[in-house]
$ cat structure-v8.txt   # compact mmCIF, C-alpha atoms
# COMPACT_ATOMS: atom_id res chain seq x y z
CA MET A 1 -18.61 15.94 -5.65
CA LYS A 2 -15.53 14.44 -4.01
CA VAL A 3 -12.28 16.23 -3.29
CA ILE A 4 -9.04 14.77 -1.95
CA ARG A 5 -6.34 17.06 -0.68
CA LYS A 6 -3.42 17.14 1.72
CA ALA A 7 -4.48 18.08 5.23
CA GLU A 8 -3.34 21.37 6.69
CA ALA A 9 -3.24 22.62 10.29
CA ARG A 10 -6.78 23.98 9.92
CA ASP A 11 -7.98 20.41 9.20
CA LEU A 12 -6.72 18.92 12.47
CA ALA A 13 -10.19 18.52 14.03
CA ALA A 14 -11.48 16.61 10.98
CA VAL A 15 -8.39 14.38 10.93
CA LEU A 16 -8.73 13.65 14.65
CA GLU A 17 -12.39 12.71 14.32
CA LEU A 18 -11.60 10.17 11.61
CA ALA A 19 -8.43 8.90 13.32
CA ALA A 20 -10.42 8.24 16.50
CA LEU A 21 -12.76 6.00 14.49
CA LEU A 22 -9.82 4.02 13.11
CA TRP A 23 -7.87 3.86 16.39
CA PRO A 24 -10.46 3.98 19.20
CA GLY A 25 -7.92 2.71 21.74
CA HIS A 26 -5.92 5.94 21.57
CA SER A 27 -6.79 9.02 23.59
CA GLY A 28 -7.69 12.28 21.93
CA GLU A 29 -4.57 13.84 23.42
CA GLU A 30 -2.34 11.15 21.90
CA LEU A 31 -3.91 11.54 18.49
CA ALA A 32 -3.82 15.35 18.64
CA GLU A 33 -0.14 15.36 19.49
CA GLU A 34 0.76 12.82 16.82
CA PHE A 35 -1.30 14.28 13.99
CA GLY A 36 -0.43 17.86 14.91
CA GLU A 37 3.20 16.93 14.21
CA LEU A 38 2.50 14.75 11.15
CA ILE A 39 0.53 17.42 9.31
CA SER A 40 3.56 19.72 9.33
CA ASP A 41 6.23 17.01 8.87
CA PRO A 42 7.75 17.16 5.35
CA LYS A 43 8.41 13.39 5.50
CA ALA A 44 4.76 12.58 6.20
CA ALA A 45 1.39 13.35 4.67
CA VAL A 46 -2.21 13.12 5.74
CA PHE A 47 -4.77 13.22 2.96
CA LEU A 48 -8.45 13.97 3.50
CA ALA A 49 -11.35 12.92 1.30
CA PHE A 50 -14.35 15.24 1.25
CA GLN A 51 -17.86 14.72 -0.07
CA ALA A 52 -20.31 17.60 -0.04
CA GLY A 53 -17.81 19.57 2.02
CA GLN A 54 -17.60 16.96 4.81
CA ALA A 55 -14.46 14.99 5.63
CA VAL A 56 -15.37 11.34 5.05
CA GLY A 57 -11.98 9.63 4.91
CA PHE A 58 -8.29 10.02 5.49
CA ALA A 59 -4.99 8.31 4.81
CA GLN A 60 -1.74 8.81 6.68
CA CYS A 61 1.59 7.96 5.08
CA GLN A 62 5.19 8.70 5.81
CA LEU A 63 8.71 7.77 4.89
CA ARG A 64 10.38 4.94 6.75
CA GLN A 65 14.16 4.76 6.79
CA ASP A 66 14.36 1.53 8.82
CA TYR A 67 13.96 -1.93 7.34
CA VAL A 68 10.48 -2.58 6.00
CA GLU A 69 9.45 -6.22 5.52
CA GLY A 70 9.67 -7.28 1.87
CA THR A 71 11.43 -4.16 0.58
CA ASP A 72 14.93 -3.61 -0.75
CA SER A 73 15.17 0.17 -0.88
CA SER A 74 15.19 3.14 1.46
CA PRO A 75 13.37 5.28 2.18
CA VAL A 76 10.09 3.44 1.71
CA GLY A 77 6.72 5.14 1.59
CA TYR A 78 4.45 3.57 4.20
CA LEU A 79 0.68 3.62 4.52
CA GLU A 80 0.30 4.00 8.27
CA GLY A 81 -3.48 4.20 8.36
CA ILE A 82 -6.53 4.63 6.17
CA TYR A 83 -10.19 5.06 7.02
CA VAL A 84 -13.37 5.88 5.11
CA ARG A 85 -16.70 6.34 6.87
CA GLU A 86 -18.83 3.25 6.45
CA ALA A 87 -21.60 5.09 4.59
CA CYS A 88 -19.06 6.25 1.97
CA ARG A 89 -17.30 2.95 1.34
CA GLY A 90 -17.39 1.13 -1.98
CA ARG A 91 -17.02 4.32 -4.02
CA GLY A 92 -13.27 4.18 -4.64
CA LEU A 93 -12.32 6.83 -2.06
CA ALA A 94 -9.85 4.61 -0.22
CA ARG A 95 -8.22 3.62 -3.51
CA GLU A 96 -7.82 7.31 -4.40
CA LEU A 97 -6.42 8.11 -0.96
CA VAL A 98 -3.81 5.38 -1.45
CA ARG A 99 -2.95 6.79 -4.87
CA HIS A 100 -2.32 10.22 -3.30
CA CYS A 101 -0.07 8.59 -0.70
CA GLU A 102 1.83 6.74 -3.42
CA ASP A 103 2.29 9.99 -5.35
CA PHE A 104 3.61 11.67 -2.20
CA ALA A 105 6.11 8.83 -1.65
CA ARG A 106 7.18 8.85 -5.29
CA ALA A 107 7.80 12.62 -5.11
CA GLN A 108 10.04 11.97 -2.08
CA GLY A 109 12.21 9.60 -4.13
CA CYS A 110 10.68 6.32 -2.92
CA ARG A 111 10.73 3.31 -5.23
CA GLN A 112 8.53 1.17 -3.00
CA PHE A 113 5.39 1.65 -0.96
CA ALA A 114 4.39 -0.66 1.90
CA SER A 115 1.79 -1.18 4.60
CA ASP A 116 0.63 -3.72 7.15
CA CYS A 117 -2.42 -5.05 8.94
CA THR A 118 -3.06 -7.50 11.73
CA LEU A 119 -3.45 -11.17 10.84
CA SER A 120 -7.10 -11.11 11.89
CA ASN A 121 -8.07 -8.05 9.82
CA THR A 122 -9.32 -9.81 6.70
CA GLN A 123 -11.13 -6.69 5.45
CA SER A 124 -7.84 -4.78 5.42
CA LEU A 125 -6.04 -7.71 3.79
CA ARG A 126 -8.61 -7.78 0.96
CA PHE A 127 -8.33 -4.00 0.55
CA HIS A 128 -4.53 -4.08 0.35
CA LEU A 129 -4.54 -6.86 -2.23
CA ALA A 130 -7.24 -5.07 -4.26
CA THR A 131 -5.16 -1.88 -4.36
CA GLY A 132 -2.06 -3.57 -5.75
CA PHE A 133 -0.12 -4.55 -2.65
CA ARG A 134 1.35 -8.06 -2.49
CA GLU A 135 1.78 -9.92 0.74
CA ALA A 136 5.41 -9.78 1.85
CA GLY A 137 5.21 -11.95 4.96
CA ARG A 138 3.40 -12.72 8.17
CA ILE A 139 4.70 -12.34 11.69
CA ILE A 140 3.60 -13.11 15.20
CA CYS A 141 4.92 -10.74 17.85
CA PHE A 142 5.80 -11.81 21.39
CA VAL A 143 6.22 -10.03 24.70
CA LYS A 144 6.77 -11.03 28.32
CA GLU A 145 6.89 -9.05 31.48
CA LEU A 146 10.21 -8.72 33.30
$ encode --input "structure-v8.txt" --output "structure tokens"
Amino acid sequence: MKVIRKAEARDLAAVLELAALLWPGHSGEELAEEFGELISDPKAAVFLAFQAGQAVGFAQCQLRQDYVEGTDSSPVGYLEGIYVREACRGRGLARELVRHCEDFARAQGCRQFASDCTLSNTQSLRFHLATGFREAGRIICFVKEL
């Protein structure tokens, strides 16, 4: 049986374990600090998906007040990250996590919901399109040392 619910402070360890799988380049301390704040932030939400009592996926969303590519309203709900353990994929969990995020954003007065992925992440692109997102644009970012 699957259950999806908003994460609470007691769920921080489960959220961190999943977040580390999605963002392996971030230290545990960075993730703990960020998600510790997000879980209690009224303008953000972290949803956990459970199967047989085990956390198998999560989605993080929040409100963005700044300009979001392709939108014309503010605030905008934003899917910041989503991850489902590989063994649990293909069962609709990610789609349900997105739906919970959309409901959260809608309850906060948002008319639009957005997200992003890197140009090379074709799996994420397919997922976004399959869950009702439309592509709003593509960018290439630049940096140089001073």
$ closest_residue --input "structure-v8.txt" --among "A:Tyr67, A:Phe104, A:Phe133, A:Phe47" --to "Tyr83 in chain A" --atoms "only C-alpha atoms"
A:Phe47
$ residues_around --input "structure-v8.txt" --residues "Glu8 in chain A" --least-positions-apart "3" --cutoff "8 Å" --atoms "only C-alpha atoms" --output "list in words"
Asp11, Leu12, Ile39 and Ser40 of chain A
$ residues_around --input "structure-v8.txt" --residues "Leu21 in chain A" --least-positions-apart "3" --cutoff "9 Å" --atoms "all atoms listed in the file" --output "compact mmCIF listing (two decimals) with C-alpha atoms, in the frame of the given file"
# COMPACT_ATOMS: atom_id res chain seq x y z
CA LEU A 16 -8.73 13.65 14.65
CA GLU A 17 -12.39 12.71 14.32
CA LEU A 18 -11.60 10.17 11.61
CA PRO A 24 -10.46 3.98 19.20
CA TYR A 83 -10.19 5.06 7.02
CA ARG A 85 -16.70 6.34 6.87
$ residues_around --input "structure-v8.txt" --residues "Ile4 in chain A" --least-positions-apart "2" --cutoff "10 Å" --atoms "all atoms listed in the file" --output "list in words"
Lys2, Lys6, Ala7, Phe47, Leu48, Ala49, Phe50, Gln51, Ala55, Gly57, Phe58, Leu93, Glu96, Leu97 and His100 of chain A
$ closest_residue --input "structure-v8.txt" --among "A:Leu38, A:Ala136, A:Leu129, A:Ala9" --to "Gln60 in chain A" --atoms "all atoms listed in the file"
A:Leu38
$ atom_distance --input "structure-v8.txt" --atom1 "CA of Gln112 in chain A" --atom2 "CA of Glu69 in chain A"
11.3 Å
$ atom_distance --input "structure-v8.txt" --atom1 "CA of Cys141 in chain A" --atom2 "CA of Asn121 in chain A"
15.5 Å
$ closest_residue --input "structure-v8.txt" --among "A:Cys61, A:Ala107, A:Val15, A:Lys144" --to "Ala32 in chain A" --atoms "all atoms listed in the file"
A:Val15
$ atom_distance --input "structure-v8.txt" --atom1 "CA of Gln65 in chain A" --atom2 "CA of Asp116 in chain A"
16.0 Å
$ axis_aligned_box --input "structure-v8.txt" --around "range 97-100 of chain A" --padding-each-side "4 Å" --output "AutoDock Vina command-line options"
--center_x -4.4 --center_y 7.8 --center_z -2.9 --size_x 12.1 --size_y 12.8 --size_z 11.9
$ residues_around --input "structure-v8.txt" --residues "Ala130 in chain A" --least-positions-apart "6" --cutoff "12 Å" --atoms "only C-alpha atoms" --output "number ranges by chain"
A: 92, 94-95, 98, 123-124
$ build_atoms --input "structure-v8.txt" --residues "range 89-100 of chain A" --atoms "N, CA, C and O atoms" --output "mmCIF file, keeping the file's coordinate frame"
data_model
loop_
_atom_site.group_PDB
_atom_site.id
_atom_site.type_symbol
_atom_site.label_atom_id
_atom_site.label_comp_id
_atom_site.auth_asym_id
_atom_site.auth_seq_id
_atom_site.Cartn_x
_atom_site.Cartn_y
_atom_site.Cartn_z
ATOM 1 N N ARG A 89 -18.164 4.008 1.873
ATOM 2 C CA ARG A 89 -17.300 2.950 1.340
ATOM 3 C C ARG A 89 -17.866 2.389 0.040
ATOM 4 O O ARG A 89 -19.049 2.522 -0.246
ATOM 5 N N GLY A 90 -16.968 1.750 -0.728
ATOM 6 C CA GLY A 90 -17.390 1.130 -1.980
ATOM 7 C C GLY A 90 -17.481 2.098 -3.139
ATOM 8 O O GLY A 90 -18.009 1.762 -4.189
ATOM 9 N N ARG A 91 -16.963 3.304 -2.969
ATOM 10 C CA ARG A 91 -17.020 4.320 -4.020
ATOM 11 C C ARG A 91 -15.638 4.675 -4.570
ATOM 12 O O ARG A 91 -15.491 5.627 -5.316
ATOM 13 N N GLY A 92 -14.613 3.940 -4.134
ATOM 14 C CA GLY A 92 -13.270 4.180 -4.640
ATOM 15 C C GLY A 92 -12.490 5.246 -3.887
ATOM 16 O O GLY A 92 -11.373 5.585 -4.289
ATOM 17 N N LEU A 93 -13.036 5.788 -2.803
ATOM 18 C CA LEU A 93 -12.320 6.830 -2.060
ATOM 19 C C LEU A 93 -11.026 6.313 -1.455
ATOM 20 O O LEU A 93 -9.992 6.994 -1.518
ATOM 21 N N ALA A 94 -11.061 5.153 -0.850
ATOM 22 C CA ALA A 94 -9.850 4.610 -0.220
ATOM 23 C C ALA A 94 -8.775 4.359 -1.282
ATOM 24 O O ALA A 94 -7.594 4.653 -1.057
ATOM 25 N N ARG A 95 -9.173 3.852 -2.413
ATOM 26 C CA ARG A 95 -8.220 3.620 -3.510
ATOM 27 C C ARG A 95 -7.571 4.940 -3.941
ATOM 28 O O ARG A 95 -6.370 5.011 -4.171
ATOM 29 N N GLU A 96 -8.362 6.002 -4.021
ATOM 30 C CA GLU A 96 -7.820 7.310 -4.400
ATOM 31 C C GLU A 96 -6.917 7.877 -3.314
ATOM 32 O O GLU A 96 -5.900 8.519 -3.615
ATOM 33 N N LEU A 97 -7.281 7.666 -2.052
ATOM 34 C CA LEU A 97 -6.420 8.110 -0.960
ATOM 35 C C LEU A 97 -5.063 7.415 -1.036
ATOM 36 O O LEU A 97 -4.020 8.048 -0.852
ATOM 37 N N VAL A 98 -5.072 6.111 -1.300
ATOM 38 C CA VAL A 98 -3.810 5.380 -1.450
ATOM 39 C C VAL A 98 -3.000 5.935 -2.612
ATOM 40 O O VAL A 98 -1.788 6.122 -2.506
ATOM 41 N N ARG A 99 -3.657 6.244 -3.705
ATOM 42 C CA ARG A 99 -2.950 6.790 -4.870
ATOM 43 C C ARG A 99 -2.274 8.130 -4.508
ATOM 44 O O ARG A 99 -1.140 8.384 -4.913
ATOM 45 N N HIS A 100 -2.945 8.970 -3.733
ATOM 46 C CA HIS A 100 -2.320 10.220 -3.300
ATOM 47 C C HIS A 100 -1.100 9.945 -2.419
ATOM 48 O O HIS A 100 -0.078 10.627 -2.539
#
